[in-house]
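> This is the content of coords27.txt (compact mmCIF, C-alpha atoms):
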# COMPACT_ATOMS: atom_id res chain seq x y z
CA MET U 1 29.13 -12.02 1.09
CA GLU U 2 27.20 -9.87 3.55
CA ARG U 3 26.19 -12.96 5.54
CA GLU U 4 29.83 -14.05 5.71
CA LEU U 5 30.88 -10.59 6.84
CA THR U 6 28.17 -10.56 9.51
CA THR U 7 29.34 -13.97 10.75
CA ARG U 8 32.92 -12.73 10.91
CA PHE U 9 31.99 -9.61 12.86
CA GLY U 10 29.19 -10.99 15.01
CA VAL U 11 26.16 -8.99 16.05
CA GLN U 12 28.01 -7.24 18.88
CA GLU U 13 30.64 -5.80 16.53
CA LYS U 14 28.34 -5.26 13.55
CA PHE U 15 26.29 -2.59 15.30
CA SER U 16 27.00 0.29 17.62
CA PHE U 17 24.93 3.00 19.24
CA GLU U 18 25.27 6.72 18.61
CA GLU U 19 23.54 9.65 20.18
CA ARG U 20 22.27 12.25 17.72
CA LEU U 21 20.34 15.29 18.87
CA GLY U 22 19.54 13.61 22.16
CA VAL U 23 18.30 10.37 20.55
CA THR U 24 20.22 7.11 20.82
CA ALA U 25 20.19 5.20 17.52
CA LYS U 26 21.41 1.74 16.56
CA VAL U 27 23.76 2.07 13.58
CA TYR U 28 26.25 -0.09 11.75
CA SER U 29 29.71 0.15 13.33
CA GLN U 30 32.41 2.05 11.48
CA GLU U 31 34.55 -1.09 11.23
CA PHE U 32 31.68 -3.11 9.71
CA THR U 33 30.86 -0.29 7.28
CA ARG U 34 34.47 -0.05 6.09
CA ALA U 35 34.71 -3.83 5.61
CA TYR U 36 31.38 -3.83 3.77
CA GLN U 37 32.59 -1.12 1.39
CA ARG U 38 35.84 -3.01 0.73
CA ILE U 39 34.04 -6.28 0.00
CA PHE U 40 31.46 -4.74 -2.29
CA ALA U 41 34.01 -2.42 -3.95
CA ASN U 42 31.84 0.67 -3.49
CA GLN U 43 28.83 -0.99 -5.11
CA GLN U 44 26.51 1.45 -3.32
CA GLU U 45 28.13 4.42 -5.05
CA ARG U 46 27.93 2.72 -8.44
CA GLN U 47 24.26 1.92 -7.87
CA MET U 48 23.49 5.52 -6.86
CA ARG U 49 25.28 6.89 -9.93
CA SER U 50 23.40 4.41 -12.09
CA ALA U 51 20.08 5.46 -10.54
CA ILE U 52 20.85 9.14 -11.16
CA LYS U 53 21.64 8.44 -14.81
CA MET U 54 18.49 6.32 -15.16
CA VAL U 55 16.28 9.11 -13.79
CA GLY U 56 17.93 11.58 -16.16
CA ASN U 57 17.32 9.21 -19.06
CA PHE U 58 13.70 8.84 -18.02
CA TRP U 59 13.14 12.62 -17.96
CA TYR U 60 14.95 13.07 -21.27
CA THR U 61 12.78 10.39 -22.88
CA CYS U 62 9.65 12.08 -21.51
CA TRP U 63 10.80 15.40 -22.95
CA VAL U 64 11.49 13.82 -26.36
CA ASP U 65 8.16 11.96 -26.31
CA ALA U 66 6.43 15.26 -25.50
CA GLY U 67 7.79 16.73 -28.73
CA GLN U 68 10.83 18.47 -27.22
CA PRO U 69 8.95 21.54 -25.98
CA ASP U 70 10.87 24.75 -25.38
CA LEU U 71 11.70 24.67 -21.68
CA ASP U 72 12.78 28.32 -21.71
CA LEU U 73 9.06 29.15 -21.64
CA LEU U 74 8.99 27.84 -18.07
CA LEU U 75 11.18 30.75 -17.00
CA GLU U 76 8.43 33.14 -18.08
CA LEU U 77 5.80 31.57 -15.82
CA ARG U 78 4.77 33.68 -12.85
CA LEU U 79 2.95 32.34 -9.83
CA ASP U 80 -0.06 34.20 -8.53
CA GLN U 81 -0.35 35.11 -4.83
CA LYS U 82 -2.36 31.99 -3.93
CA GLU U 83 0.24 29.71 -5.57
CA LEU U 84 3.07 31.53 -3.76
CA GLU U 85 1.29 31.05 -0.43
CA GLN U 86 0.71 27.35 -1.15
CA GLN U 87 4.39 26.98 -2.05
CA GLY U 88 5.33 28.54 1.30
CA ILE U 89 3.02 26.14 3.15
CA GLU U 90 4.55 23.15 1.34
CA ALA U 91 8.08 24.35 2.11
CA GLN U 92 7.20 24.72 5.80
CA LYS U 93 5.80 21.16 5.88
CA TRP U 94 9.06 19.84 4.42
CA ARG U 95 11.14 21.77 6.95
CA GLU U 96 9.06 20.35 9.80
CA ALA U 97 9.31 16.82 8.38
CA LYS U 98 13.10 17.11 8.11
CA ILE U 99 13.33 18.15 11.76
CA LYS U 100 11.32 15.09 12.79
CA ILE U 101 13.53 12.63 10.90
CA ARG U 102 16.90 14.27 11.53
CA PRO U 103 17.74 12.12 14.63
CA HIS U 104 17.76 9.02 12.41
CA GLU U 105 20.22 10.43 9.86
Any chance you could put this one into structure tokens?

Amino acid sequence: MERELTTRFGVQEKFSFEERLGVTAKVYSQEFTRAYQRIFANQQERQMRSAIKMVGNFWYTCWVDAGQPDLDLLLELRLDQKELEQQGIEAQKWREAKIKIRPHE
């Protein structure tokens, strides 16, 4: 179905270019995206919802297999100064990584 849609639109109409934060990016055109969503009846959303449920099921199964430990005990954990500093370093790395990839969003 995607191949048929691509044939109908042609490469020139399938893609467009957008400038985001000073970077020009090749993206699917709005018209192609709308047609794709109509043809696949929002399959992407269904797949994402399914993936979310599957991850939840996975974590629940792990918790059950671990003997259903009391998760309230996690609230009582306190990080020492070294762990807090490491957490800050990790958070900064993520912020920097997000800035680098933002033009492609």
> Quick one: residues within 9 Å of Val27 in chain U, all atoms listed in the file, excluding same-chain residues fewer than 6 positions away - as a list in words?
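Contacts, in chain order: Lys14, Phe15, Ser16, Phe17 and Glu18 of chain U.
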> Write a file of the selected residues as a PDB file, in the frame of the given file, keeping C-alpha atoms.

ATOM      1  CA  LYS U  14      28.340  -5.260  13.550  1.00  0.00           C
ATOM      2  CA  PHE U  15      26.290  -2.590  15.300  1.00  0.00           C
ATOM      3  CA  SER U  16      27.000   0.290  17.620  1.00  0.00           C
ATOM      4  CA  PHE U  17      24.930   3.000  19.240  1.00  0.00           C
ATOM      5  CA  GLU U  18      25.270   6.720  18.610  1.00  0.00           C
TER       6      GLU U  18
END
> One decimal, in Å: what's the spacing between CA of Thr33 in chain U and CA of Gly56 in chain U?
29.3 Å
> Find the residue from U:Gln37, U:Lys26, U:Glu83, U:Glu19 that sits nearest to Leu5 in chain U; use all atoms listed in the file when measuring.
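Selected residue with least distance to Leu5 in chain U: U:Gln37.
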> Env of Glu4 in chain U: 12 Å cut, atoms = all atoms listed in the file, seq-sep filter 5 positions within chain, self excluded. Answer as a ChimeraX atom specification.
/U:9-10,14,32,35-36,39
> CA of Arg78 in chain U and CA of Phe58 in chain U, how far apart in Å?
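One can read the CA of Phe58 in chain U to CA of Arg78 in chain U distance as 26.9 Å.
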> Box for range 9-13 of chain U - axis-aligned, 4 Å on each of the six sides, all listed atoms - centre and size in Å to one decimal, as JSON.

{"center_x": 29.1, "center_y": -8.4, "center_z": 15.9, "size_x": 13.8, "size_y": 13.2, "size_z": 14.0}
> So how many Å separate CA of Gln44 in chain U and CA of Met1 in chain U, to one decimal?
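Interatomic distance, CA of Gln44 in chain U to CA of Met1 in chain U: 14.4 Å.
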